[in-house]
Amino acid sequence: MEPFRVKMVEPIPFPSREERERALEHAGHNLFRVPSSAITIDLLTDSGTSAMSAAQWSALLGGDESYAGARSFERFESVVRELTGYPEVIPVHQGRAAERILLGALLGDGDLSVSNTHFDTTRASVEAAGATALDFPSGQGEAGFGGGLDLTRAEQLLTSPDGARVRCVVLTVTNNAAGGQPVSMANIAGARNLCSRHGVRLLLDASRFAENAYLITARDSAHASESPREVARQMFTLADGCWASLKKDGLANIGGLIALTDPELAARCREQLIAVEGFPTYGGLAGRDLDALAQGLVEVTDPAYLRYRTESAQWFGARLTKAGLPVVEPVGCHAVYVDAAQLLPHIAAHELPATAFANALYREGGVRVSELGTLVFGRRNPDGGPDLPAPRELVRFALPRRVYTRNHLEYVAEAAARIAAAAADLPGYRIVEQADALRHFTAVLKPLN
Ligand code: F0G
């Protein structure tokens, strides 16, 4: 059960079916464009959607809003140093700002960035720097740790003539785009070894570091007696630095960080930080945000919280399986992923099966989930034909932290069961309008019948 009790409540909207139909039509059949006032249960993202604790709300009042040298920064810096062991701590307003600044400082034209999977904003920052992002996911080779880096492929690249162009190896922990699967300690250590031998930096996208650390304690007997915080420290120790969106495991609604061992790289990041985010002791955040984050970064490694979080995700995965959905196994922590290609074999990838499922679920129950398929990861075909498909057509039921109870998730599973039963009748979609990058946020779509 939840290791907390409710102290403050927020009513949720119950739009009628007719209102939902209208909202979806008005939004160009894109759930990102539907207002939250028309959403009953919002599982679009676990990012920035956490409920803060009483201790965090109370920490807000201690916020020091001094432009330079704020005490709030000192508290934040000290928690991040203790957690990661990295001396250089740079706050930013969210993860993608960290990516833009750090990858912009590190990468240039023709460089390569190798990862277990670059998240979409990470890839955008690699490409903005003139470099190329290469994903080498390990797949399910290692039981319970399907989020790793394919070390053999990475090694082949590093020993090839192109190896000299590799500027960094990035491990996204947990691997959001690859089903939210964790990365094992052995895989992180293997990547460390590879990077050391080839003189390449190893960086963590640590947005869900605590969940990754907990899953290591739960799934790897060699770490069963360690605390999630100890395991997190070991993960950080193996890398040369990290960035994170603190809208996830910071347990707050805004924030991000860059933390590094290298003072020279940190100095280059700070120069850019001042130009685009703010002075290095606030980095685009209010002092009070830094205090809420400092407290969140302590709470998030509480084993009781992480156990509840993992077990509720697992319960929800099992419940969706019972509802007739092909759930990606094993379930991680922050979300349950469903394979829409398997559920909707009659819809081709370029007709967006994951979008078809997500929109149907919204129509049915006012539930918002996100598509992680060809709308997000596909590419326009340079020859003008159908879009180049994403590797998988996943739908993500993201779980905001400390927000929804099992009853809310039961409601979602009941709506999902009705969609699964009617799967053969769902229409695909075509894209009517799209931006060149990150098209899923703004695209306008039309159902195919
Ligand atoms: N890295 C990972 C692994 C992420 O999941 C995200 C965001 C980011 C970086 C970017 O961070 O949003 O603070 O700028 N993921 C959100 C999601 C959007 O819904 O999964 P941001």
# chains A, B, ... in the order shown; residues from 1 in each chain; ligands from 1
>>> residues_near_ligand(ligand="ligand 1", cutoff="8 Å", atoms="only C-alpha atoms and all ligand atoms", output="MDAnalysis selection string")
chainID A and resid 44:48 93:99 118:122 172:177 205:208 244:248 254:256 398
>>> residues_around(residues="A:Gly144", least_positions_apart="4", cutoff="10 Å", atoms="only C-alpha atoms", output="list in words")
Gln140, Gln181, Pro182, Val183, Ser184, Leu215, Ile216, Ala218, Arg219, Asp220, Glu329, Pro330, Val331 and Gly332 of chain A
>>> atom_distance(atom1="atom CA of A:Asp387", atom2="atom CA of A:Gly373")
11.5 Å
>>> select_by_dssp(residues="stretch 290-442 of chain A", states="alpha helix (DSSP H)", output="ChimeraX atom specification")
/A:290-299,303-322,340-343,353-365,374-377,406-421
>>> closest_residue(among="A:Thr301, A:Thr40, A:Asn407, A:Thr281", to="A:Pro91", atoms="only C-alpha atoms")
A:Thr281
>>> residues_around(residues="stretch 186-193 of chain A", least_positions_apart="3", cutoff="7 Å", atoms="only C-alpha atoms", output="number ranges by chain")
A: 148-149, 151, 183, 196-197, 202, 238-239
>>> closest_residue(among="A:Gln314, A:Ser50, A:Thr217, A:Gln272", to="A:Gly250", atoms="only C-alpha atoms")
A:Ser50
>>> closest_residue(among="A:Val166, A:Met52, A:Leu24, A:Ala304", to="A:Val6", atoms="only C-alpha atoms")
A:Met52
>>> residues_around(residues="A:Pro137", least_positions_apart="2", cutoff="9 Å", atoms="only C-alpha atoms", output="ChimeraX atom specification")
/A:115-117,135,139,146-151,178
>>> closest_residue(among="A:Leu204, A:Ala422, A:Ala294, A:Ala210", to="A:Val79", atoms="only C-alpha atoms")
A:Ala294
>>> closest_residue(among="A:Ala437, A:Ala358, A:Cys168, A:Ala267", to="A:Gly378", atoms="only C-alpha atoms")
A:Ala437
>>> atom_distance(atom1="atom CA of A:Arg153", atom2="atom CA of A:Pro386")
29.2 Å
>>> atom_distance(atom1="atom CA of A:Leu203", atom2="atom CA of A:Val169")
6.2 Å
>>> closest_residue(among="A:Val444, A:Ala318, A:Leu171, A:Ala164", to="A:Glu25", atoms="only C-alpha atoms")
A:Val444
>>> residues_around(residues="A:His350", least_positions_apart="4", cutoff="10 Å", atoms="only C-alpha atoms", output="CSV table (one decimal) with C-alpha atoms, in the first residue's frame")
chain,number,residue,atom,x,y,z
A,373,GLY,CA,5.7,4.7,-31.6
A,374,THR,CA,6.0,6.0,-35.1
A,375,LEU,CA,4.5,9.4,-34.3
A,378,GLY,CA,9.3,7.5,-36.8
A,379,ARG,CA,10.9,9.6,-39.5
A,380,ARG,CA,9.5,11.2,-42.6
A,385,GLY,CA,6.6,7.4,-49.2
A,386,PRO,CA,5.1,6.2,-45.9
A,387,ASP,CA,7.0,7.3,-42.8
A,388,LEU,CA,9.9,5.2,-41.7
A,389,PRO,CA,8.6,3.2,-38.7
A,390,ALA,CA,9.8,3.3,-35.1
A,428,GLY,CA,-5.5,4.1,-37.9
A,429,TYR,CA,-4.5,7.7,-38.4
A,430,ARG,CA,-2.8,9.9,-40.9
A,431,ILE,CA,-0.7,13.0,-40.1
>>> residues_around(residues="A:Gly69", least_positions_apart="6", cutoff="12 Å", atoms="only C-alpha atoms", output="MDAnalysis selection string")
chainID A and resid 75:77 279:283 287
>>> write_last_selection(atoms="C-alpha atoms", output="short mmCIF file (atom, residue, chain, number, x, y, z; two decimals), in the first residue's frame")
data_model
loop_
_atom_site.label_atom_id
_atom_site.label_comp_id
_atom_site.auth_asym_id
_atom_site.auth_seq_id
_atom_site.Cartn_x
_atom_site.Cartn_y
_atom_site.Cartn_z
CA ARG A 75 21.44 23.01 0.14
CA PHE A 76 20.77 21.65 -3.35
CA GLU A 77 24.46 21.37 -4.17
CA PHE A 279 23.28 32.59 -12.90
CA PRO A 280 24.99 29.31 -11.87
CA THR A 281 23.42 29.30 -8.41
CA TYR A 282 19.85 29.20 -9.67
CA GLY A 283 19.96 28.02 -13.30
CA GLY A 287 15.37 29.36 -4.89
#
>>> residues_around(residues="A:Pro13", least_positions_apart="4", cutoff="9 Å", atoms="only C-alpha atoms", output="mmCIF file with all heavy atoms, in the first residue's frame")
data_model
loop_
_atom_site.group_PDB
_atom_site.id
_atom_site.type_symbol
_atom_site.label_atom_id
_atom_site.label_comp_id
_atom_site.auth_asym_id
_atom_site.auth_seq_id
_atom_site.Cartn_x
_atom_site.Cartn_y
_atom_site.Cartn_z
ATOM 1 N N SER A 36 -6.248 19.762 -19.829
ATOM 2 C CA SER A 36 -6.372 18.837 -18.698
ATOM 3 C C SER A 36 -7.777 18.892 -18.093
ATOM 4 O O SER A 36 -8.203 17.941 -17.445
ATOM 5 C CB SER A 36 -5.310 19.132 -17.643
ATOM 6 O OG SER A 36 -5.615 20.338 -16.988
ATOM 7 N N SER A 37 -8.516 19.980 -18.346
ATOM 8 C CA SER A 37 -9.884 20.054 -17.829
ATOM 9 C C SER A 37 -10.789 19.015 -18.502
ATOM 10 O O SER A 37 -11.894 18.774 -18.043
ATOM 11 C CB SER A 37 -10.445 21.460 -18.053
ATOM 12 O OG SER A 37 -10.368 21.773 -19.431
ATOM 13 N N ALA A 38 -10.304 18.402 -19.581
ATOM 14 C CA ALA A 38 -11.100 17.369 -20.252
ATOM 15 C C ALA A 38 -10.513 15.974 -20.016
ATOM 16 O O ALA A 38 -10.833 15.024 -20.725
ATOM 17 C CB ALA A 38 -11.173 17.663 -21.755
ATOM 18 N N ILE A 39 -9.642 15.854 -19.025
ATOM 19 C CA ILE A 39 -8.983 14.566 -18.751
ATOM 20 C C ILE A 39 -9.413 14.066 -17.371
ATOM 21 O O ILE A 39 -9.337 14.812 -16.383
ATOM 22 C CB ILE A 39 -7.440 14.728 -18.722
ATOM 23 C CG1 ILE A 39 -6.905 15.416 -19.982
ATOM 24 C CG2 ILE A 39 -6.760 13.385 -18.461
ATOM 25 C CD1 ILE A 39 -6.759 14.576 -21.187
ATOM 26 N N THR A 40 -9.821 12.804 -17.292
ATOM 27 C CA THR A 40 -10.187 12.230 -15.991
ATOM 28 C C THR A 40 -8.953 11.673 -15.280
ATOM 29 O O THR A 40 -8.657 12.049 -14.151
ATOM 30 C CB THR A 40 -11.267 11.146 -16.180
ATOM 31 O OG1 THR A 40 -12.392 11.754 -16.816
ATOM 32 C CG2 THR A 40 -11.700 10.564 -14.847
ATOM 33 N N ILE A 41 -8.228 10.784 -15.943
ATOM 34 C CA ILE A 41 -6.992 10.243 -15.349
ATOM 35 C C ILE A 41 -5.865 10.534 -16.338
ATOM 36 O O ILE A 41 -5.922 10.104 -17.494
ATOM 37 C CB ILE A 41 -7.082 8.713 -15.125
ATOM 38 C CG1 ILE A 41 -8.285 8.346 -14.246
ATOM 39 C CG2 ILE A 41 -5.774 8.185 -14.543
ATOM 40 C CD1 ILE A 41 -8.105 8.623 -12.781
ATOM 41 N N GLY A 366 -11.755 8.998 -20.864
ATOM 42 C CA GLY A 366 -11.111 10.256 -20.473
ATOM 43 C C GLY A 366 -9.716 10.023 -19.915
ATOM 44 O O GLY A 366 -9.182 10.838 -19.168
#
>>> decode(residues="stretch 139-157 of chain A", atoms="N, CA, C and O atoms", output="PDB file, in the first residue's frame")
ATOM      1  N   GLY A 139      18.522  -5.099 -25.596  1.00  0.00           N
ATOM      2  CA  GLY A 139      17.426  -6.066 -25.671  1.00  0.00           C
ATOM      3  C   GLY A 139      17.345  -6.866 -24.382  1.00  0.00           C
ATOM      4  O   GLY A 139      17.894  -6.465 -23.353  1.00  0.00           O
ATOM      5  N   GLN A 140      16.672  -8.008 -24.467  1.00  0.00           N
ATOM      6  CA  GLN A 140      16.326  -8.750 -23.241  1.00  0.00           C
ATOM      7  C   GLN A 140      17.383  -9.764 -22.824  1.00  0.00           C
ATOM      8  O   GLN A 140      17.087 -10.682 -22.051  1.00  0.00           O
ATOM      9  N   GLY A 141      18.628  -9.643 -23.290  1.00  0.00           N
ATOM     10  CA  GLY A 141      19.663 -10.632 -22.981  1.00  0.00           C
ATOM     11  C   GLY A 141      19.824 -10.921 -21.502  1.00  0.00           C
ATOM     12  O   GLY A 141      19.940 -12.071 -21.085  1.00  0.00           O
ATOM     13  N   GLU A 142      19.783  -9.890 -20.680  1.00  0.00           N
ATOM     14  CA  GLU A 142      20.075 -10.047 -19.261  1.00  0.00           C
ATOM     15  C   GLU A 142      18.746 -10.042 -18.501  1.00  0.00           C
ATOM     16  O   GLU A 142      18.014  -9.047 -18.561  1.00  0.00           O
ATOM     17  N   ALA A 143      18.435 -11.122 -17.793  1.00  0.00           N
ATOM     18  CA  ALA A 143      17.105 -11.254 -17.177  1.00  0.00           C
ATOM     19  C   ALA A 143      16.787 -10.082 -16.252  1.00  0.00           C
ATOM     20  O   ALA A 143      17.583  -9.745 -15.366  1.00  0.00           O
ATOM     21  N   GLY A 144      15.652  -9.429 -16.483  1.00  0.00           N
ATOM     22  CA  GLY A 144      15.208  -8.337 -15.604  1.00  0.00           C
ATOM     23  C   GLY A 144      15.855  -6.992 -15.910  1.00  0.00           C
ATOM     24  O   GLY A 144      15.505  -5.984 -15.311  1.00  0.00           O
ATOM     25  N   PHE A 145      16.825  -6.981 -16.815  1.00  0.00           N
ATOM     26  CA  PHE A 145      17.531  -5.726 -17.111  1.00  0.00           C
ATOM     27  C   PHE A 145      17.570  -5.487 -18.622  1.00  0.00           C
ATOM     28  O   PHE A 145      18.631  -5.496 -19.248  1.00  0.00           O
ATOM     29  N   GLY A 146      16.409  -5.259 -19.180  1.00  0.00           N
ATOM     30  CA  GLY A 146      16.319  -5.107 -20.632  1.00  0.00           C
ATOM     31  C   GLY A 146      16.671  -3.716 -21.140  1.00  0.00           C
ATOM     32  O   GLY A 146      16.495  -3.415 -22.322  1.00  0.00           O
ATOM     33  N   GLY A 147      17.178  -2.845 -20.250  1.00  0.00           N
ATOM     34  CA  GLY A 147      17.406  -1.459 -20.674  1.00  0.00           C
ATOM     35  C   GLY A 147      18.832  -1.120 -21.019  1.00  0.00           C
ATOM     36  O   GLY A 147      19.145   0.042 -21.283  1.00  0.00           O
ATOM     37  N   GLY A 148      19.713  -2.124 -21.037  1.00  0.00           N
ATOM     38  CA  GLY A 148      21.148  -1.840 -21.121  1.00  0.00           C
ATOM     39  C   GLY A 148      21.640  -1.431 -22.493  1.00  0.00           C
ATOM     40  O   GLY A 148      20.894  -1.290 -23.466  1.00  0.00           O
ATOM     41  N   LEU A 149      22.970  -1.247 -22.536  1.00  0.00           N
ATOM     42  CA  LEU A 149      23.683  -0.919 -23.775  1.00  0.00           C
ATOM     43  C   LEU A 149      24.239  -2.221 -24.341  1.00  0.00           C
ATOM     44  O   LEU A 149      24.785  -3.044 -23.591  1.00  0.00           O
ATOM     45  N   ASP A 150      24.132  -2.404 -25.653  1.00  0.00           N
ATOM     46  CA  ASP A 150      24.754  -3.550 -26.314  1.00  0.00           C
ATOM     47  C   ASP A 150      26.259  -3.274 -26.374  1.00  0.00           C
ATOM     48  O   ASP A 150      26.740  -2.537 -27.236  1.00  0.00           O
ATOM     49  N   LEU A 151      26.984  -3.858 -25.415  1.00  0.00           N
ATOM     50  CA  LEU A 151      28.413  -3.545 -25.264  1.00  0.00           C
ATOM     51  C   LEU A 151      29.222  -4.047 -26.457  1.00  0.00           C
ATOM     52  O   LEU A 151      30.235  -3.439 -26.825  1.00  0.00           O
ATOM     53  N   THR A 152      28.761  -5.142 -27.068  1.00  0.00           N
ATOM     54  CA  THR A 152      29.494  -5.689 -28.217  1.00  0.00           C
ATOM     55  C   THR A 152      29.438  -4.720 -29.398  1.00  0.00           C
ATOM     56  O   THR A 152      30.462  -4.414 -30.019  1.00  0.00           O
ATOM     57  N   ARG A 153      28.234  -4.214 -29.669  1.00  0.00           N
ATOM     58  CA  ARG A 153      28.112  -3.261 -30.789  1.00  0.00           C
ATOM     59  C   ARG A 153      28.877  -1.975 -30.504  1.00  0.00           C
ATOM     60  O   ARG A 153      29.498  -1.391 -31.391  1.00  0.00           O
ATOM     61  N   ALA A 154      28.807  -1.530 -29.236  1.00  0.00           N
ATOM     62  CA  ALA A 154      29.525  -0.300 -28.878  1.00  0.00           C
ATOM     63  C   ALA A 154      31.027  -0.493 -29.064  1.00  0.00           C
ATOM     64  O   ALA A 154      31.725   0.374 -29.593  1.00  0.00           O
ATOM     65  N   GLU A 155      31.505  -1.665 -28.649  1.00  0.00           N
ATOM     66  CA  GLU A 155      32.941  -1.959 -28.779  1.00  0.00           C
ATOM     67  C   GLU A 155      33.345  -2.025 -30.257  1.00  0.00           C
ATOM     68  O   GLU A 155      34.390  -1.501 -30.649  1.00  0.00           O
ATOM     69  N   GLN A 156      32.479  -2.669 -31.071  1.00  0.00           N
ATOM     70  CA  GLN A 156      32.784  -2.751 -32.510  1.00  0.00           C
ATOM     71  C   GLN A 156      32.939  -1.359 -33.106  1.00  0.00           C
ATOM     72  O   GLN A 156      33.841  -1.088 -33.886  1.00  0.00           O
ATOM     73  N   LEU A 157      32.036  -0.467 -32.715  1.00  0.00           N
ATOM     74  CA  LEU A 157      32.121   0.900 -33.242  1.00  0.00           C
ATOM     75  C   LEU A 157      33.399   1.578 -32.757  1.00  0.00           C
ATOM     76  O   LEU A 157      34.116   2.216 -33.529  1.00  0.00           O
TER      77      LEU A 157
END
